[in-house]
>>> print(open('coords_11.cif').read())   # mmCIF, C-alpha atoms; chains and numbers go by the auth columns
data_structure
loop_
_atom_site.group_PDB
_atom_site.id
_atom_site.type_symbol
_atom_site.label_atom_id
_atom_site.label_comp_id
_atom_site.label_asym_id
_atom_site.label_seq_id
_atom_site.Cartn_x
_atom_site.Cartn_y
_atom_site.Cartn_z
_atom_site.B_iso_or_equiv
_atom_site.auth_seq_id
_atom_site.auth_asym_id
ATOM 1 C CA MET A 1 8.520 72.254 -17.817 0.00 29 T
ATOM 2 C CA ASP A 2 7.071 72.069 -21.276 0.00 30 T
ATOM 3 C CA ARG A 3 8.081 68.501 -21.644 0.00 31 T
ATOM 4 C CA ARG A 4 6.517 67.621 -18.327 0.00 32 T
ATOM 5 C CA LYS A 5 3.283 69.213 -19.379 0.00 33 T
ATOM 6 C CA PHE A 6 3.385 67.375 -22.669 0.00 34 T
ATOM 7 C CA LEU A 7 3.811 64.068 -20.904 0.00 35 T
ATOM 8 C CA GLY A 8 0.906 64.857 -18.619 0.00 36 T
ATOM 9 C CA VAL A 9 -1.354 65.667 -21.525 0.00 37 T
ATOM 10 C CA GLY A 10 -0.321 62.494 -23.283 0.00 38 T
ATOM 11 C CA LEU A 11 -1.025 60.419 -20.220 0.00 39 T
ATOM 12 C CA ALA A 12 -4.422 62.005 -19.745 0.00 40 T
ATOM 13 C CA ALA A 13 -5.312 61.356 -23.372 0.00 41 T
ATOM 14 C CA PHE A 14 -4.190 57.759 -23.056 0.00 42 T
ATOM 15 C CA ALA A 15 -6.257 57.291 -19.929 0.00 43 T
ATOM 16 C CA ALA A 16 -9.286 58.796 -21.638 0.00 44 T
ATOM 17 C CA MET A 17 -8.850 56.369 -24.493 0.00 45 T
ATOM 18 C CA VAL A 18 -8.488 53.316 -22.286 0.00 46 T
ATOM 19 C CA VAL A 19 -11.147 53.995 -19.668 0.00 47 T
ATOM 20 C CA PRO A 20 -14.260 53.750 -21.866 0.00 48 T
ATOM 21 C CA GLY A 21 -13.084 50.323 -22.995 0.00 49 T
ATOM 22 C CA THR A 22 -12.954 48.854 -19.527 0.00 50 T
ATOM 23 C CA ASP A 23 -15.851 50.767 -18.060 0.00 51 T
ATOM 24 C CA LEU A 24 -19.512 50.079 -18.635 0.00 52 T
ATOM 25 C CA LYS A 25 -19.346 50.664 -22.320 0.00 53 T
ATOM 26 C CA ALA A 26 -22.516 50.840 -24.328 0.00 54 T
ATOM 27 C CA MET A 27 -21.688 49.868 -27.868 0.00 55 T
ATOM 28 C CA ASP A 28 -25.113 50.029 -29.402 0.00 56 T
ATOM 29 C CA PHE A 29 -24.815 48.764 -32.960 0.00 57 T
ATOM 30 C CA ARG A 30 -28.162 50.277 -33.812 0.00 58 T
ATOM 31 C CA ALA A 31 -26.792 53.725 -33.094 0.00 59 T
ATOM 32 C CA THR A 32 -23.373 53.262 -34.699 0.00 60 T
ATOM 33 C CA LYS A 33 -24.455 51.308 -37.775 0.00 61 T
ATOM 34 C CA PRO A 34 -28.086 52.206 -38.423 0.00 62 T
ATOM 35 C CA LYS A 35 -27.882 51.315 -42.122 0.00 63 T
ATOM 36 C CA ALA A 36 -26.975 47.684 -41.536 0.00 64 T
ATOM 37 C CA TRP A 37 -30.355 47.028 -39.916 0.00 65 T
ATOM 38 C CA GLU A 38 -32.329 47.987 -43.007 0.00 66 T
ATOM 39 C CA ILE A 39 -30.580 45.846 -45.606 0.00 67 T
ATOM 40 C CA GLU A 40 -32.186 42.820 -47.194 0.00 68 T
ATOM 41 C CA LYS A 41 -29.305 40.747 -48.567 0.00 69 T
ATOM 42 C CA THR A 42 -26.710 39.068 -46.385 0.00 70 T
ATOM 43 C CA VAL A 43 -23.765 40.077 -48.571 0.00 71 T
ATOM 44 C CA ASP A 44 -24.662 43.759 -48.428 0.00 72 T
ATOM 45 C CA GLY A 45 -25.431 43.526 -44.744 0.00 73 T
ATOM 46 C CA ILE A 46 -21.968 42.209 -43.934 0.00 74 T
ATOM 47 C CA LYS A 47 -20.440 45.055 -45.927 0.00 75 T
ATOM 48 C CA ALA A 48 -22.538 47.629 -44.115 0.00 76 T
ATOM 49 C CA LEU A 49 -21.646 46.300 -40.686 0.00 77 T
ATOM 50 C CA TYR A 50 -18.023 45.306 -41.058 0.00 78 T
ATOM 51 C CA GLY A 51 -16.819 47.002 -44.230 0.00 79 T
ATOM 52 C CA ASN A 52 -15.242 45.467 -47.304 0.00 80 T
ATOM 53 C CA GLY A 53 -12.980 42.942 -45.606 0.00 81 T
ATOM 54 C CA GLY A 54 -12.197 39.532 -47.035 0.00 82 T
ATOM 55 C CA LEU A 55 -14.070 36.721 -45.346 0.00 83 T
ATOM 56 C CA LYS A 56 -12.137 33.725 -44.076 0.00 84 T
ATOM 57 C CA LYS A 57 -13.516 30.321 -43.220 0.00 85 T
ATOM 58 C CA SER A 58 -12.248 28.943 -39.955 0.00 86 T
ATOM 59 C CA ASP A 59 -12.809 25.808 -37.877 0.00 87 T
ATOM 60 C CA LYS A 60 -12.495 27.857 -34.748 0.00 88 T
ATOM 61 C CA LEU A 61 -15.719 29.704 -35.371 0.00 89 T
ATOM 62 C CA SER A 62 -18.782 27.511 -35.705 0.00 90 T
ATOM 63 C CA PHE A 63 -22.409 27.318 -34.809 0.00 91 T
ATOM 64 C CA LYS A 64 -24.895 24.609 -34.037 0.00 92 T
ATOM 65 C CA ALA A 65 -28.317 24.637 -35.575 0.00 93 T
ATOM 66 C CA PRO A 66 -30.904 22.012 -36.471 0.00 94 T
ATOM 67 C CA LYS A 67 -30.904 20.866 -40.106 0.00 95 T
ATOM 68 C CA LEU A 68 -34.658 20.828 -40.205 0.00 96 T
ATOM 69 C CA ALA A 69 -36.492 23.305 -38.032 0.00 97 T
ATOM 70 C CA GLU A 70 -40.038 22.216 -37.291 0.00 98 T
ATOM 71 C CA ASN A 71 -41.053 25.566 -35.963 0.00 99 T
ATOM 72 C CA GLY A 72 -39.685 28.601 -37.756 0.00 100 T
ATOM 73 C CA GLY A 73 -40.744 30.725 -34.815 0.00 101 T
ATOM 74 C CA SER A 74 -37.956 29.517 -32.618 0.00 102 T
ATOM 75 C CA ILE A 75 -34.805 27.962 -34.011 0.00 103 T
ATOM 76 C CA PRO A 76 -32.174 27.270 -31.375 0.00 104 T
ATOM 77 C CA ILE A 77 -28.691 28.401 -32.331 0.00 105 T
ATOM 78 C CA THR A 78 -25.408 28.045 -30.463 0.00 106 T
ATOM 79 C CA ILE A 79 -22.390 30.071 -31.499 0.00 107 T
ATOM 80 C CA LYS A 80 -19.027 28.721 -30.387 0.00 108 T
ATOM 81 C CA SER A 81 -15.556 30.095 -30.947 0.00 109 T
ATOM 82 C CA SER A 82 -12.094 29.783 -29.478 0.00 110 T
ATOM 83 C CA LEU A 83 -10.848 32.917 -31.240 0.00 111 T
ATOM 84 C CA ASP A 84 -10.448 36.273 -29.541 0.00 112 T
ATOM 85 C CA LEU A 85 -13.339 38.010 -31.211 0.00 113 T
ATOM 86 C CA GLU A 86 -14.566 41.539 -30.844 0.00 114 T
ATOM 87 C CA SER A 87 -18.042 40.948 -32.168 0.00 115 T
ATOM 88 C CA VAL A 88 -20.178 38.302 -33.810 0.00 116 T
ATOM 89 C CA ALA A 89 -23.200 38.904 -35.996 0.00 117 T
ATOM 90 C CA LEU A 90 -25.839 36.595 -37.398 0.00 118 T
ATOM 91 C CA PHE A 91 -27.344 37.134 -40.840 0.00 119 T
ATOM 92 C CA GLN A 92 -30.062 35.265 -42.711 0.00 120 T
ATOM 93 C CA ASP A 93 -31.845 35.694 -46.023 0.00 121 T
ATOM 94 C CA ALA A 94 -35.279 34.524 -44.912 0.00 122 T
ATOM 95 C CA ASN A 95 -36.596 37.693 -43.330 0.00 123 T
ATOM 96 C CA PRO A 96 -37.240 41.150 -44.770 0.00 124 T
ATOM 97 C CA ARG A 97 -34.069 42.413 -43.137 0.00 125 T
ATOM 98 C CA CYS A 98 -31.019 40.203 -42.930 0.00 126 T
ATOM 99 C CA LEU A 99 -29.445 41.153 -39.611 0.00 127 T
ATOM 100 C CA SER A 100 -30.777 39.196 -36.640 0.00 128 T
ATOM 101 C CA CYS A 101 -28.426 40.044 -33.836 0.00 129 T
ATOM 102 C CA VAL A 102 -24.969 41.373 -33.061 0.00 130 T
ATOM 103 C CA PHE A 103 -22.946 40.403 -30.002 0.00 131 T
ATOM 104 C CA SER A 104 -20.174 42.647 -28.832 0.00 132 T
ATOM 105 C CA ILE A 105 -17.857 40.467 -26.855 0.00 133 T
ATOM 106 C CA PRO A 106 -15.987 41.699 -23.787 0.00 134 T
ATOM 107 C CA LYS A 107 -12.365 40.677 -23.227 0.00 135 T
ATOM 108 C CA ASP A 108 -11.619 37.187 -21.880 0.00 136 T
ATOM 109 C CA ALA A 109 -15.156 36.069 -22.480 0.00 137 T
ATOM 110 C CA ILE A 110 -16.100 32.474 -23.107 0.00 138 T
ATOM 111 C CA ILE A 111 -17.728 32.530 -26.509 0.00 139 T
ATOM 112 C CA GLN A 112 -20.618 30.140 -26.240 0.00 140 T
ATOM 113 C CA TYR A 113 -23.900 31.863 -26.840 0.00 141 T
ATOM 114 C CA ASP A 114 -27.275 30.167 -27.014 0.00 142 T
ATOM 115 C CA PHE A 115 -30.284 31.941 -28.376 0.00 143 T
ATOM 116 C CA ARG A 116 -33.278 31.419 -30.658 0.00 144 T
ATOM 117 C CA ILE A 117 -34.211 33.136 -33.873 0.00 145 T
ATOM 118 C CA LYS A 118 -37.185 33.389 -36.201 0.00 146 T
ATOM 119 C CA MET A 119 -37.065 32.443 -39.858 0.00 147 T
ATOM 120 C CA ARG A 120 -39.799 32.830 -42.381 0.00 148 T
ATOM 121 C CA GLN A 121 -38.578 30.230 -44.864 0.00 149 T
ATOM 122 C CA THR A 122 -35.685 27.927 -45.698 0.00 150 T
ATOM 123 C CA ALA A 123 -32.539 29.958 -46.062 0.00 151 T
ATOM 124 C CA VAL A 124 -28.825 30.125 -45.455 0.00 152 T
ATOM 125 C CA VAL A 125 -27.707 31.419 -42.074 0.00 153 T
ATOM 126 C CA THR A 126 -24.324 33.109 -41.913 0.00 154 T
ATOM 127 C CA ILE A 127 -22.348 34.203 -38.903 0.00 155 T
ATOM 128 C CA VAL A 128 -19.468 36.616 -39.140 0.00 156 T
ATOM 129 C CA GLY A 129 -16.920 37.265 -36.406 0.00 157 T
ATOM 130 C CA LYS A 130 -14.411 40.075 -36.233 0.00 158 T
ATOM 131 C CA GLU A 131 -11.123 39.354 -34.505 0.00 159 T
ATOM 132 C CA ARG A 132 -9.925 41.792 -31.848 0.00 160 T
ATOM 133 C CA GLY A 133 -6.930 43.850 -32.894 0.00 161 T
ATOM 134 C CA THR A 134 -6.326 42.526 -36.398 0.00 162 T
ATOM 135 C CA GLY A 135 -9.887 43.041 -37.595 0.00 163 T
ATOM 136 C CA THR A 136 -9.839 39.847 -39.633 0.00 164 T
ATOM 137 C CA LEU A 137 -13.303 38.597 -40.507 0.00 165 T
ATOM 138 C CA TYR A 138 -14.198 34.947 -40.037 0.00 166 T
ATOM 139 C CA THR A 139 -17.337 33.327 -41.280 0.00 167 T
ATOM 140 C CA ALA A 140 -19.401 30.146 -41.136 0.00 168 T
ATOM 141 C CA SER A 141 -22.678 29.346 -42.790 0.00 169 T
ATOM 142 C CA LYS A 142 -25.332 26.646 -42.933 0.00 170 T
ATOM 143 C CA GLU A 143 -28.629 26.086 -44.621 0.00 171 T
ATOM 144 C CA ILE A 144 -31.604 25.558 -42.349 0.00 172 T
ATOM 145 C CA ASP A 145 -34.829 24.017 -43.614 0.00 173 T
ATOM 146 C CA VAL A 146 -37.922 25.558 -42.175 0.00 174 T
ATOM 147 C CA SER A 147 -41.181 23.693 -42.509 0.00 175 T
ATOM 148 C CA ILE A 148 -43.542 26.255 -41.052 0.00 176 T
ATOM 149 C CA GLY A 149 -42.991 29.975 -41.426 0.00 177 T
ATOM 150 C CA GLY A 150 -42.151 31.732 -38.198 0.00 178 T
ATOM 151 C CA CYS A 151 -42.930 35.341 -38.860 0.00 179 T
ATOM 152 C CA GLY A 152 -46.655 35.208 -38.372 0.00 180 T
ATOM 153 C CA GLY A 153 -46.972 32.814 -41.326 0.00 181 T
ATOM 154 C CA MET B 1 -43.050 44.740 -21.001 0.00 20 V
ATOM 155 C CA GLY B 2 -43.289 42.002 -18.559 0.00 21 V
ATOM 156 C CA LYS B 3 -41.091 40.028 -16.280 0.00 22 V
ATOM 157 C CA MET B 4 -37.486 39.036 -16.564 0.00 23 V
ATOM 158 C CA LYS B 5 -36.335 35.611 -15.380 0.00 24 V
ATOM 159 C CA ILE B 6 -32.690 35.155 -14.551 0.00 25 V
ATOM 160 C CA LYS B 7 -30.770 32.104 -13.323 0.00 26 V
ATOM 161 C CA ALA B 8 -27.056 32.267 -12.567 0.00 27 V
ATOM 162 C CA LYS B 9 -24.973 29.404 -11.151 0.00 28 V
ATOM 163 C CA GLU B 10 -21.261 29.241 -10.459 0.00 29 V
ATOM 164 C CA LYS B 11 -19.172 26.083 -10.937 0.00 30 V
ATOM 165 C CA LYS B 12 -15.374 25.978 -10.891 0.00 31 V
ATOM 166 C CA GLY B 13 -14.937 29.622 -11.686 0.00 32 V
ATOM 167 C CA THR B 14 -17.369 29.819 -14.566 0.00 33 V
ATOM 168 C CA VAL B 15 -20.844 31.187 -14.195 0.00 34 V
ATOM 169 C CA LYS B 16 -23.632 29.765 -16.317 0.00 35 V
ATOM 170 C CA VAL B 17 -26.440 32.201 -16.946 0.00 36 V
ATOM 171 C CA LYS B 18 -29.900 31.604 -18.342 0.00 37 V
ATOM 172 C CA ALA B 19 -32.111 34.575 -18.880 0.00 38 V
ATOM 173 C CA MET B 20 -35.568 34.924 -20.330 0.00 39 V
ATOM 174 C CA PHE B 21 -37.274 38.145 -21.253 0.00 40 V
ATOM 175 C CA THR B 22 -40.900 38.640 -22.072 0.00 41 V
ATOM 176 C CA SER B 23 -41.378 40.459 -25.306 0.00 42 V
ATOM 177 C CA LEU B 24 -43.446 39.798 -28.405 0.00 43 V
ATOM 178 C CA MET B 25 -40.418 40.447 -30.610 0.00 44 V
ATOM 179 C CA ALA B 26 -42.673 41.611 -33.423 0.00 45 V
ATOM 180 C CA ASP B 27 -41.001 43.567 -36.182 0.00 46 V
ATOM 181 C CA LYS B 28 -42.817 45.907 -38.565 0.00 47 V
ATOM 182 C CA GLU B 29 -44.146 43.291 -41.004 0.00 48 V
ATOM 183 C CA GLU B 30 -45.281 40.875 -38.335 0.00 49 V
ATOM 184 C CA ALA B 31 -46.942 43.634 -36.382 0.00 50 V
ATOM 185 C CA ILE B 32 -48.986 44.691 -39.410 0.00 51 V
ATOM 186 C CA LYS B 33 -50.118 41.100 -40.010 0.00 52 V
ATOM 187 C CA LYS B 34 -51.229 40.616 -36.440 0.00 53 V
ATOM 188 C CA GLY B 35 -52.622 44.110 -36.113 0.00 54 V
ATOM 189 C CA ILE B 36 -50.485 45.081 -33.169 0.00 55 V
ATOM 190 C CA LYS B 37 -47.764 47.608 -32.500 0.00 56 V
ATOM 191 C CA ALA B 38 -44.217 46.648 -33.312 0.00 57 V
ATOM 192 C CA SER B 39 -42.433 45.792 -30.120 0.00 58 V
ATOM 193 C CA TYR B 40 -39.117 44.136 -29.576 0.00 59 V
ATOM 194 C CA ILE B 41 -36.085 44.383 -27.348 0.00 60 V
ATOM 195 C CA LYS B 42 -33.344 46.018 -29.332 0.00 61 V
ATOM 196 C CA TYR B 43 -30.533 46.142 -26.836 0.00 62 V
ATOM 197 C CA LEU B 44 -29.521 43.936 -23.953 0.00 63 V
ATOM 198 C CA VAL B 45 -26.551 44.212 -21.658 0.00 64 V
ATOM 199 C CA ALA B 46 -25.442 42.257 -18.579 0.00 65 V
ATOM 200 C CA THR B 47 -22.955 43.593 -16.071 0.00 66 V
ATOM 201 C CA VAL B 48 -21.220 42.235 -12.976 0.00 67 V
ATOM 202 C CA ASN B 49 -19.528 44.803 -10.720 0.00 68 V
ATOM 203 C CA ASP B 50 -19.971 47.385 -13.478 0.00 69 V
ATOM 204 C CA VAL B 51 -18.033 45.261 -15.975 0.00 70 V
ATOM 205 C CA VAL B 52 -19.866 44.193 -19.101 0.00 71 V
ATOM 206 C CA VAL B 53 -20.058 40.414 -19.456 0.00 72 V
ATOM 207 C CA TYR B 54 -22.658 40.114 -22.201 0.00 73 V
ATOM 208 C CA GLU B 55 -23.873 42.538 -24.784 0.00 74 V
ATOM 209 C CA LEU B 56 -26.365 41.936 -27.558 0.00 75 V
ATOM 210 C CA THR B 57 -28.077 44.101 -30.125 0.00 76 V
ATOM 211 C CA MET B 58 -31.130 42.460 -31.633 0.00 77 V
ATOM 212 C CA SER B 59 -33.684 42.982 -34.347 0.00 78 V
ATOM 213 C CA GLY B 60 -37.243 41.731 -34.282 0.00 79 V
ATOM 214 C CA PHE B 61 -36.208 38.428 -35.813 0.00 80 V
ATOM 215 C CA MET B 62 -35.276 36.802 -32.570 0.00 81 V
ATOM 216 C CA SER B 63 -37.972 34.436 -31.336 0.00 82 V
ATOM 217 C CA GLU B 64 -40.766 35.458 -29.032 0.00 83 V
ATOM 218 C CA ASN B 65 -39.788 35.712 -25.355 0.00 84 V
ATOM 219 C CA PRO B 66 -36.070 35.529 -26.104 0.00 85 V
ATOM 220 C CA LEU B 67 -34.090 33.052 -24.050 0.00 86 V
ATOM 221 C CA VAL B 68 -30.336 33.474 -23.908 0.00 87 V
ATOM 222 C CA LYS B 69 -27.694 31.282 -22.331 0.00 88 V
ATOM 223 C CA PHE B 70 -24.082 32.174 -21.822 0.00 89 V
ATOM 224 C CA LYS B 71 -21.015 31.572 -19.643 0.00 90 V
ATOM 225 C CA PHE B 72 -18.433 33.868 -18.140 0.00 91 V
ATOM 226 C CA LYS B 73 -15.703 33.789 -15.543 0.00 92 V
ATOM 227 C CA GLY B 74 -16.990 34.986 -12.191 0.00 93 V
ATOM 228 C CA LYS B 75 -17.572 34.093 -8.581 0.00 94 V
ATOM 229 C CA LYS B 76 -20.364 33.393 -6.106 0.00 95 V
ATOM 230 C CA GLY B 77 -22.191 36.172 -4.354 0.00 96 V
ATOM 231 C CA ASP B 78 -21.738 38.786 -7.031 0.00 97 V
ATOM 232 C CA LYS B 79 -24.776 40.421 -8.492 0.00 98 V
ATOM 233 C CA ILE B 80 -25.562 40.189 -12.162 0.00 99 V
ATOM 234 C CA VAL B 81 -27.526 43.109 -13.543 0.00 100 V
ATOM 235 C CA PHE B 82 -29.465 42.999 -16.798 0.00 101 V
ATOM 236 C CA ASN B 83 -30.535 46.107 -18.660 0.00 102 V
ATOM 237 C CA THR B 84 -32.826 46.018 -21.667 0.00 103 V
ATOM 238 C CA VAL B 85 -34.045 48.700 -24.032 0.00 104 V
ATOM 239 C CA ASP B 86 -36.978 48.094 -26.358 0.00 105 V
ATOM 240 C CA ASN B 87 -37.806 49.711 -29.685 0.00 106 V
ATOM 241 C CA GLU B 88 -39.715 52.556 -28.044 0.00 107 V
ATOM 242 C CA GLY B 89 -36.851 53.324 -25.687 0.00 108 V
ATOM 243 C CA LYS B 90 -38.405 51.770 -22.593 0.00 109 V
ATOM 244 C CA LYS B 91 -35.799 50.576 -20.158 0.00 110 V
ATOM 245 C CA GLN B 92 -35.955 47.690 -17.744 0.00 111 V
ATOM 246 C CA THR B 93 -33.555 46.355 -15.158 0.00 112 V
ATOM 247 C CA GLY B 94 -33.268 42.966 -13.496 0.00 113 V
ATOM 248 C CA LYS B 95 -30.895 41.808 -10.766 0.00 114 V
ATOM 249 C CA LYS B 96 -29.884 38.399 -9.487 0.00 115 V
ATOM 250 C CA LYS B 97 -27.269 37.055 -7.107 0.00 116 V
ATOM 251 C CA ILE B 98 -24.942 34.421 -8.505 0.00 117 V
ATOM 252 C CA LYS B 99 -25.478 31.147 -6.661 0.00 118 V
#
>>> encode(input="coords_11.cif", output="C-alpha cells")
Amino acid sequence: MDRRKFLGVGLAAFAAMVVPGTDLKAMDFRATKPKAWEIEKTVDGIKALYGNGGLKKSDKLSFKAPKLAENGGSIPITIKSSLDLESVALFQDANPRCLSCVFSIPKDAIIQYDFRIKMRQTAVVTIVGKERGTGTLYTASKEIDVSIGGCGG
Amino acid sequence: MGKMKIKAKEKKGTVKVKAMFTSLMADKEEAIKKGIKASYIKYLVATVNDVVVYELTMSGFMSENPLVKFKFKGKKGDKIVFNTVDNEGKKQTGKKKIK
C-alpha cells in the first residue's frame, strides 16, 4: 500500500512538473531576471541573464543585419538558427541599457525571427542563444554602422 | 495603446505571421528628451489553441511601432491570439484566423 501511494505521489509530482511546460506558460524574463535589464555593458548583461557559461561560436546561429543603417530608429534584424534553442537574446552597446529583447522559444519552433531595433550610435550587436537541455551558449556578433542616432537623437 | 494589425497565412504546413503593434517604444531617456511618459510594450506572447508559438520580452530599444515576423507549424482555420503587456501593466489582446 505504501509503495502504491509513493508511486502515486511521484506521478503527480511528475505531472505537475511537465504540465506548466506544455501549457500556456508565461516566462517573463523581466520578472525572473530583473537585473539583466538594467546593465549597460554587453558582457555583464550576458552574465546576468545566462550565468557564467562559456560562449561558443557556431555557424548554425546567425543573424542578418545591414552593414550601414541609414536610420538608427529602425534597424531590421533577422535571427536564424537550426539549433534546438531554449531562448535567444539580443544585446548591443549603443543604448543606455544593453538588453534589447529576449525570445523564449517553444519546442519544435522554426527559428526565424524578424524584428527591428533602435540604436543610438555605431556599435557591436551580439546575439546569444541557449540550447535546450544542455544549456550550452552560442553566440554571434556583428558591427552595425549607424549614421543617424535613433533614440531621439 | 492603439491598434494591433495581424496577418497570418498558411502554406504547406507552415504559417507565416506578420504582426504590427502601435506603441511609441520610448524608454526612460528618450521619454525625458521628448517630454513624454515612458511607454513601451514589455511582453508579447502569441498562442494557437492555448499553445505558445511565439514569446518575446522587450525593452524600449525596439523601434517605434514594432513589427515582428515569424513562422511556425500550424494549419488553416485556427485562431492566433496575441497578448501584449506594456510598461504600466496595461494588457491588450488581438485575434486573427489563419488563412
>>> closest_atom_pairs(input="coords_11.cif", of="chain T", to="chain V", cutoff="6 Å", atoms="only C-alpha atoms", output="tab-separated table")
residue	atom	partner	partner_atom	distance
T:Leu52	CA	V:Val70	CA	5.7
T:Gly101	CA	V:Ser82	CA	5.8
T:Ser102	CA	V:Ser82	CA	5.1
T:Ser128	CA	V:Ser78	CA	5.3
T:Cys129	CA	V:Met77	CA	4.2
T:Val130	CA	V:Thr76	CA	5.1
T:Phe131	CA	V:Leu75	CA	4.5
T:Ser132	CA	V:Glu74	CA	5.5
T:Ala137	CA	V:Phe91	CA	5.9
T:Ile138	CA	V:Phe91	CA	5.7
T:Gln140	CA	V:Phe89	CA	6.0
T:Tyr141	CA	V:Phe89	CA	5.0
T:Asp142	CA	V:Lys88	CA	4.8
T:Phe143	CA	V:Val87	CA	4.7
T:Arg144	CA	V:Ser82	CA	5.6
T:Ile145	CA	V:Met81	CA	4.0
T:Lys146	CA	V:Ser82	CA	5.0
T:Gly180	CA	V:Glu49	CA	5.8
>>> resolve_selection(input="coords_11.cif", expression="the PyMOL selection byres ((chain T and resi 81) around 9)", output="MDAnalysis selection string")
chainID T and resid 75 78:80 82:83 163:165
>>> residues_around(input="coords_11.cif", residues="Lys92 of chain T", least_positions_apart="2", cutoff="8 Å", atoms="only C-alpha atoms", output="list in words")
Ser90, Pro94, Ile105, Thr106 and Ile107 of chain T
>>> write_last_selection(input="coords_11.cif", atoms="C-alpha atoms", output="short mmCIF file (atom, residue, chain, number, x, y, z; two decimals), in the frame of the given file")
data_model
loop_
_atom_site.label_atom_id
_atom_site.label_comp_id
_atom_site.auth_asym_id
_atom_site.auth_seq_id
_atom_site.Cartn_x
_atom_site.Cartn_y
_atom_site.Cartn_z
CA SER T 90 -18.78 27.51 -35.70
CA PRO T 94 -30.90 22.01 -36.47
CA ILE T 105 -28.69 28.40 -32.33
CA THR T 106 -25.41 28.04 -30.46
CA ILE T 107 -22.39 30.07 -31.50
#
>>> residues_around(input="coords_11.cif", residues="segment 115-118 of chain V", least_positions_apart="2", cutoff="10 Å", atoms="only C-alpha atoms", output="list in words")
Lys24, Ile25, Lys26, Ala27, Lys28, Glu29, Lys30, Val34, Lys35, Val36, Val67, Gly93, Lys94, Lys95, Gly96, Asp97, Lys98, Ile99, Val100, Phe101 and Gly113 of chain V
>>> residues_around(input="coords_11.cif", residues="segment 69-72 of chain T", least_positions_apart="2", cutoff="7 Å", atoms="only C-alpha atoms", output="number ranges by chain")
T: 67, 74-76, 119-121, 126
>>> write_last_selection(input="coords_11.cif", atoms="C-alpha atoms", output="PDB file, keeping the file's coordinate frame")
ATOM      1  CA  ILE T  67     -30.580  45.846 -45.606  1.00  0.00           C
ATOM      2  CA  ILE T  74     -21.968  42.209 -43.934  1.00  0.00           C
ATOM      3  CA  LYS T  75     -20.440  45.055 -45.927  1.00  0.00           C
ATOM      4  CA  ALA T  76     -22.538  47.629 -44.115  1.00  0.00           C
ATOM      5  CA  PHE T 119     -27.344  37.134 -40.840  1.00  0.00           C
ATOM      6  CA  GLN T 120     -30.062  35.265 -42.711  1.00  0.00           C
ATOM      7  CA  ASP T 121     -31.845  35.694 -46.023  1.00  0.00           C
ATOM      8  CA  CYS T 126     -31.019  40.203 -42.930  1.00  0.00           C
TER       9      CYS T 126
END
>>> atom_distance(input="coords_11.cif", atom1="atom CA of Gly108 of chain V", atom2="atom CA of Ala57 of chain V")
12.5 Å
>>> atom_distance(input="coords_11.cif", atom1="atom CA of Ser115 of chain T", atom2="atom CA of Glu159 of chain T")
7.5 Å
